[in-house]
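Structure below is my_file.cif: mmCIF, C-alpha atoms, pLDDT in the B column; chains and numbers go by the auth columns.
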data_entry
loop_
_atom_site.group_PDB
_atom_site.id
_atom_site.type_symbol
_atom_site.label_atom_id
_atom_site.label_comp_id
_atom_site.label_asym_id
_atom_site.label_seq_id
_atom_site.Cartn_x
_atom_site.Cartn_y
_atom_site.Cartn_z
_atom_site.B_iso_or_equiv
_atom_site.auth_seq_id
_atom_site.auth_asym_id
ATOM 1 C CA MET A 1 -20.037 -84.634 -61.156 59.00 654 A
ATOM 2 C CA SER A 2 -22.495 -81.779 -60.657 90.00 655 A
ATOM 3 C CA THR A 3 -21.632 -78.157 -60.082 94.00 656 A
ATOM 4 C CA LEU A 4 -22.806 -74.983 -58.419 96.00 657 A
ATOM 5 C CA CYS A 5 -24.294 -72.500 -60.885 96.00 658 A
ATOM 6 C CA GLU A 6 -25.158 -69.748 -58.412 96.00 659 A
ATOM 7 C CA VAL A 7 -23.897 -68.845 -54.945 96.00 660 A
ATOM 8 C CA THR A 8 -25.461 -66.357 -52.562 94.00 661 A
ATOM 9 C CA ILE A 9 -24.470 -65.413 -49.059 91.00 662 A
ATOM 10 C CA ASP A 10 -27.202 -64.526 -46.595 89.00 663 A
ATOM 11 C CA ASP A 11 -25.451 -62.068 -44.342 81.00 664 A
ATOM 12 C CA SER A 12 -28.608 -60.410 -43.035 81.00 665 A
ATOM 13 C CA GLY A 13 -28.209 -59.643 -39.377 75.00 666 A
ATOM 14 C CA LEU A 14 -24.430 -59.579 -39.623 76.00 667 A
ATOM 15 C CA PRO A 15 -22.233 -56.477 -39.432 77.00 668 A
ATOM 16 C CA THR A 16 -21.393 -54.781 -42.707 79.00 669 A
ATOM 17 C CA PRO A 17 -18.223 -56.402 -44.066 77.00 670 A
ATOM 18 C CA THR A 18 -15.047 -54.385 -44.484 78.00 671 A
ATOM 19 C CA PRO A 19 -13.986 -53.598 -48.054 81.00 672 A
ATOM 20 C CA GLU A 20 -11.297 -56.314 -47.790 75.00 673 A
ATOM 21 C CA ILE A 21 -13.826 -58.924 -46.654 77.00 674 A
ATOM 22 C CA GLU A 22 -16.256 -57.875 -49.389 83.00 675 A
ATOM 23 C CA GLN A 23 -13.483 -58.240 -51.987 84.00 676 A
ATOM 24 C CA GLU A 24 -12.573 -61.715 -50.661 82.00 677 A
ATOM 25 C CA ARG A 25 -16.220 -62.704 -50.982 86.00 678 A
ATOM 26 C CA LYS A 26 -16.524 -61.469 -54.566 91.00 679 A
ATOM 27 C CA VAL A 27 -13.326 -63.210 -55.644 90.00 680 A
ATOM 28 C CA ALA A 28 -14.287 -66.486 -53.922 90.00 681 A
ATOM 29 C CA ILE A 29 -17.743 -66.512 -55.523 94.00 682 A
ATOM 30 C CA PHE A 30 -16.332 -65.649 -58.948 95.00 683 A
ATOM 31 C CA ASP A 31 -13.676 -68.371 -58.705 93.00 684 A
ATOM 32 C CA LEU A 32 -16.197 -70.870 -57.373 94.00 685 A
ATOM 33 C CA LEU A 33 -18.593 -70.295 -60.243 95.00 686 A
ATOM 34 C CA GLU A 34 -15.773 -70.502 -62.801 95.00 687 A
ATOM 35 C CA ASP A 35 -14.666 -73.931 -61.597 94.00 688 A
ATOM 36 C CA ASN A 36 -16.268 -76.168 -58.982 96.00 689 A
ATOM 37 C CA SER A 37 -17.369 -79.687 -58.327 95.00 690 A
ATOM 38 C CA PHE A 38 -20.389 -80.245 -56.078 95.00 691 A
ATOM 39 C CA ALA A 39 -22.590 -83.343 -56.029 94.00 692 A
ATOM 40 C CA LEU A 40 -25.246 -84.683 -53.679 94.00 693 A
ATOM 41 C CA PRO A 41 -24.585 -88.381 -53.058 89.00 694 A
ATOM 42 C CA GLN A 42 -27.965 -89.182 -51.483 79.00 695 A
ATOM 43 C CA ASP A 43 -30.296 -91.503 -53.378 79.00 696 A
ATOM 44 C CA GLY A 44 -33.147 -89.559 -54.885 80.00 697 A
ATOM 45 C CA ALA A 45 -31.351 -86.201 -54.731 84.00 698 A
ATOM 46 C CA PRO A 46 -32.011 -84.195 -57.888 88.00 699 A
ATOM 47 C CA ASP A 47 -29.115 -83.691 -60.254 87.00 700 A
ATOM 48 C CA GLY A 48 -27.343 -80.346 -60.413 87.00 701 A
ATOM 49 C CA PRO A 49 -26.253 -77.821 -61.257 95.00 702 A
ATOM 50 C CA TYR A 50 -27.257 -76.290 -57.945 96.00 703 A
ATOM 51 C CA LYS A 51 -27.926 -72.872 -56.512 97.00 704 A
ATOM 52 C CA LEU A 52 -26.295 -72.538 -53.091 97.00 705 A
ATOM 53 C CA ASP A 53 -27.423 -70.160 -50.382 96.00 706 A
ATOM 54 C CA LEU A 54 -24.933 -70.108 -47.518 95.00 707 A
ATOM 55 C CA SER A 55 -25.846 -68.574 -44.164 92.00 708 A
ATOM 56 C CA ILE A 56 -25.357 -68.761 -40.430 89.00 709 A
ATOM 57 C CA ARG A 57 -28.491 -69.387 -38.417 88.00 710 A
ATOM 58 C CA GLU A 58 -28.704 -70.212 -34.748 87.00 711 A
ATOM 59 C CA ARG A 59 -24.918 -70.622 -34.612 85.00 712 A
ATOM 60 C CA ARG A 60 -24.963 -73.181 -37.405 91.00 713 A
ATOM 61 C CA LEU A 61 -23.626 -73.030 -40.941 92.00 714 A
ATOM 62 C CA VAL A 62 -26.556 -73.623 -43.287 95.00 715 A
ATOM 63 C CA PHE A 63 -26.265 -74.927 -46.848 96.00 716 A
ATOM 64 C CA GLU A 64 -29.507 -74.585 -48.825 97.00 717 A
ATOM 65 C CA LEU A 65 -29.335 -76.118 -52.281 96.00 718 A
ATOM 66 C CA ASP A 66 -31.890 -75.780 -55.047 96.00 719 A
ATOM 67 C CA THR A 67 -31.795 -77.006 -58.629 94.00 720 A
ATOM 68 C CA GLU A 68 -31.564 -74.478 -61.441 92.00 721 A
ATOM 69 C CA ASN A 69 -35.364 -74.515 -61.742 91.00 722 A
ATOM 70 C CA GLY A 70 -35.863 -73.831 -58.028 91.00 723 A
ATOM 71 C CA GLN A 71 -36.616 -77.332 -56.718 93.00 724 A
ATOM 72 C CA ARG A 72 -35.190 -77.889 -53.208 94.00 725 A
ATOM 73 C CA ALA A 73 -32.338 -80.369 -53.583 94.00 726 A
ATOM 74 C CA ALA A 74 -30.952 -80.464 -50.029 94.00 727 A
ATOM 75 C CA GLU A 75 -30.470 -78.500 -46.860 95.00 728 A
ATOM 76 C CA PHE A 76 -27.963 -79.262 -44.194 93.00 729 A
ATOM 77 C CA HIS A 77 -26.776 -77.542 -41.039 96.00 730 A
ATOM 78 C CA LEU A 78 -23.226 -77.856 -39.745 94.00 731 A
ATOM 79 C CA SER A 79 -21.920 -76.933 -36.326 93.00 732 A
ATOM 80 C CA LEU A 80 -19.565 -73.966 -36.436 90.00 733 A
ATOM 81 C CA GLY A 81 -17.470 -75.413 -33.602 91.00 734 A
ATOM 82 C CA PRO A 82 -15.030 -77.355 -35.794 92.00 735 A
ATOM 83 C CA PHE A 83 -14.390 -74.217 -37.871 91.00 736 A
ATOM 84 C CA ARG A 84 -13.833 -71.676 -35.089 89.00 737 A
ATOM 85 C CA GLN A 85 -10.119 -72.190 -34.433 92.00 738 A
ATOM 86 C CA VAL A 86 -9.090 -72.543 -38.070 93.00 739 A
ATOM 87 C CA VAL A 87 -11.099 -69.420 -39.036 90.00 740 A
ATOM 88 C CA LYS A 88 -9.484 -67.495 -36.167 90.00 741 A
ATOM 89 C CA ASP A 89 -6.021 -68.696 -37.227 92.00 742 A
ATOM 90 C CA TYR A 90 -6.775 -67.821 -40.843 89.00 743 A
ATOM 91 C CA PHE A 91 -7.813 -64.257 -40.013 85.00 744 A
ATOM 92 C CA GLN A 92 -4.718 -63.770 -37.841 88.00 745 A
ATOM 93 C CA ILE A 93 -2.350 -64.996 -40.553 87.00 746 A
ATOM 94 C CA CYS A 94 -4.156 -62.874 -43.156 83.00 747 A
ATOM 95 C CA GLU A 95 -3.624 -59.777 -40.993 83.00 748 A
ATOM 96 C CA SER A 96 0.066 -60.659 -40.733 86.00 749 A
ATOM 97 C CA TYR A 97 0.230 -61.173 -44.484 83.00 750 A
ATOM 98 C CA PHE A 98 -1.425 -57.832 -45.310 81.00 751 A
ATOM 99 C CA ASP A 99 0.885 -56.048 -42.850 84.00 752 A
ATOM 100 C CA ALA A 100 3.920 -57.846 -44.280 86.00 753 A
ATOM 101 C CA VAL A 101 3.083 -56.834 -47.844 84.00 754 A
ATOM 102 C CA LYS A 102 3.397 -53.203 -46.767 88.00 755 A
ATOM 103 C CA LYS A 103 6.825 -53.417 -45.149 90.00 756 A
ATOM 104 C CA LEU A 104 8.694 -56.736 -45.412 88.00 757 A
ATOM 105 C CA PRO A 105 10.970 -58.148 -48.118 88.00 758 A
ATOM 106 C CA PRO A 106 9.527 -60.698 -50.568 87.00 759 A
ATOM 107 C CA SER A 107 11.207 -63.688 -48.884 85.00 760 A
ATOM 108 C CA GLN A 108 9.433 -62.998 -45.582 86.00 761 A
ATOM 109 C CA ILE A 109 6.139 -62.306 -47.359 88.00 762 A
ATOM 110 C CA GLU A 110 6.454 -65.662 -49.132 89.00 763 A
ATOM 111 C CA THR A 111 6.955 -67.467 -45.813 89.00 764 A
ATOM 112 C CA ILE A 112 3.840 -65.891 -44.328 88.00 765 A
ATOM 113 C CA ASP A 113 1.894 -66.622 -47.511 86.00 766 A
ATOM 114 C CA MET A 114 2.887 -70.304 -47.335 91.00 767 A
ATOM 115 C CA ALA A 115 1.600 -70.433 -43.747 90.00 768 A
ATOM 116 C CA ARG A 116 -1.620 -68.706 -44.857 87.00 769 A
ATOM 117 C CA ARG A 117 -2.152 -71.280 -47.599 91.00 770 A
ATOM 118 C CA GLY A 118 -1.493 -74.088 -45.111 93.00 771 A
ATOM 119 C CA ILE A 119 -4.189 -72.813 -42.756 93.00 772 A
ATOM 120 C CA HIS A 120 -6.540 -72.304 -45.695 93.00 773 A
ATOM 121 C CA ASN A 121 -5.941 -75.925 -46.732 95.00 774 A
ATOM 122 C CA GLU A 122 -6.700 -77.048 -43.183 96.00 775 A
ATOM 123 C CA GLY A 123 -10.014 -75.167 -43.285 95.00 776 A
ATOM 124 C CA ALA A 124 -10.861 -76.841 -46.602 96.00 777 A
ATOM 125 C CA ARG A 125 -10.040 -80.237 -45.098 96.00 778 A
ATOM 126 C CA VAL A 126 -12.319 -79.579 -42.110 96.00 779 A
ATOM 127 C CA LEU A 127 -15.116 -78.584 -44.497 96.00 780 A
ATOM 128 C CA GLU A 128 -14.665 -81.718 -46.591 96.00 781 A
ATOM 129 C CA GLU A 129 -14.884 -83.826 -43.412 96.00 782 A
ATOM 130 C CA ARG A 130 -18.014 -82.023 -42.224 95.00 783 A
ATOM 131 C CA LEU A 131 -19.705 -82.475 -45.607 96.00 784 A
ATOM 132 C CA GLU A 132 -18.892 -86.193 -45.797 94.00 785 A
ATOM 133 C CA GLY A 133 -22.036 -88.102 -46.742 93.00 786 A
ATOM 134 C CA LYS A 134 -23.871 -84.840 -47.492 94.00 787 A
ATOM 135 C CA ALA A 135 -21.979 -83.446 -50.485 95.00 788 A
ATOM 136 C CA GLU A 136 -19.043 -84.495 -52.601 95.00 789 A
ATOM 137 C CA ILE A 137 -16.655 -81.657 -53.392 95.00 790 A
ATOM 138 C CA ASP A 138 -13.120 -81.381 -54.715 95.00 791 A
ATOM 139 C CA ASN A 139 -10.302 -79.597 -52.906 94.00 792 A
ATOM 140 C CA ASP A 140 -10.512 -76.347 -54.913 94.00 793 A
ATOM 141 C CA THR A 141 -14.251 -76.124 -54.232 96.00 794 A
ATOM 142 C CA ALA A 142 -13.624 -76.791 -50.538 96.00 795 A
ATOM 143 C CA ARG A 143 -11.001 -74.024 -50.426 94.00 796 A
ATOM 144 C CA ARG A 144 -13.337 -71.482 -52.037 94.00 797 A
ATOM 145 C CA LEU A 145 -16.245 -72.472 -49.820 95.00 798 A
ATOM 146 C CA PHE A 146 -13.965 -72.155 -46.792 94.00 799 A
ATOM 147 C CA THR A 147 -13.231 -68.576 -47.849 91.00 800 A
ATOM 148 C CA LEU A 148 -16.982 -67.890 -47.877 92.00 801 A
ATOM 149 C CA ILE A 149 -17.342 -69.480 -44.442 91.00 802 A
ATOM 150 C CA CYS A 150 -14.643 -67.105 -43.206 88.00 803 A
ATOM 151 C CA VAL A 151 -16.566 -64.174 -44.687 83.00 804 A
ATOM 152 C CA LEU A 152 -19.696 -65.299 -42.836 82.00 805 A
ATOM 153 C CA HIS A 153 -17.761 -66.041 -39.658 73.00 806 A
ATOM 154 C CA PHE A 154 -16.369 -62.493 -39.776 62.00 807 A
ATOM 155 C CA GLY A 155 -19.850 -61.212 -39.011 52.00 808 A
ATOM 156 C CA GLY A 156 -20.981 -64.175 -36.943 44.00 809 A
#
Structure rendered as structure tokens:
Amino acid sequence: MSTLCEVTIDDSGLPTPTPEIEQERKVAIFDLLEDNSFALPQDGAPDGPYKLDLSIRERRLVFELDTENGQRAAEFHLSLGPFRQVVKDYFQICESYFDAVKKLPPSQIETIDMARRGIHNEGARVLEERLEGKAEIDNDTARRLFTLICVLHFGG
């Protein structure tokens, strides 16, 4: 299976991210580049590895994929609608988690963290469904890409 070799986020026109959001973005990109699985199943699509540029344009999530040598491999636009509720839920549970870390005992923090991971998994599942027929990704790649969608959604 092919991989992503470079990931950029086009956040032009979006508000400046908070330090926490910026850190989430850096960690997600680092983790994604360390280990990912991303293939284009269409006949005639060039083989990877791919460079991914992720953006929001006209209220749509845009994946632009080029080969390592700059040849356009694919571009697809996804509606943000299916992501809205899960992104909102994810940000709310993350706020609860960050607040809990400051003042609650470990057992309560663990419960909130389990809920956070559950919502994150749901977001990854939605992404995998939306990419069906466009890109083949594994669950870890879907989870990391969902984090980047949340970062973009923060400003969008």
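Residues surrounding Glu675 (chain A) within 12 Å are Ile662, Asp664, Pro668, Thr669, Pro670, Thr671, Pro672, Arg678, Lys679, Val680, Ala681, Ile682, Thr800, Leu801, Cys803, Val804, Leu805, Phe807 and Gly808 of chain A [all atoms listed in the file; sequence separation below 3 positions excluded].
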Original post:
Within 10 Å of Leu707 (chain A), counting only C-alpha atoms, which residues qualify if same-chain residues fewer than 4 places away don't, as an MDAnalysis selection string?
Top reply: chainID A and resid 660:664 714:718 798 801:802 805
Subject >> Ground truth for the PyMOL selection byres ((chain A and resi 727-734) around 12), written as a count of residues only >> reply: 56
Subject >> Surrounding residues of Ser690 (chain A) excluding itself and chain neighbours under 2 positions, 12 Å, all atoms listed in the file, as an MDAnalysis selection string >> reply: chainID A and resid 654:658 684:688 692:693 701:703 788:798
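Rounded to one decimal, CA of Asn689 (chain A) and CA of Ala777 (chain A) lie 13.5 Å from each other.
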**OP:** Return as a ChimeraX atom specification the set of residues that the PyMOL selection byres ((chain A and resi 762) around 12) yields on the displayed structure.
**Re:** /A:746-761,763-769
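Straight-line separation from CA of Ile772 (chain A) to CA of Tyr743 (chain A): 5.9 Å.
CA of Gln745 (chain A) is found 29.1 Å from CA of Phe691 (chain A).
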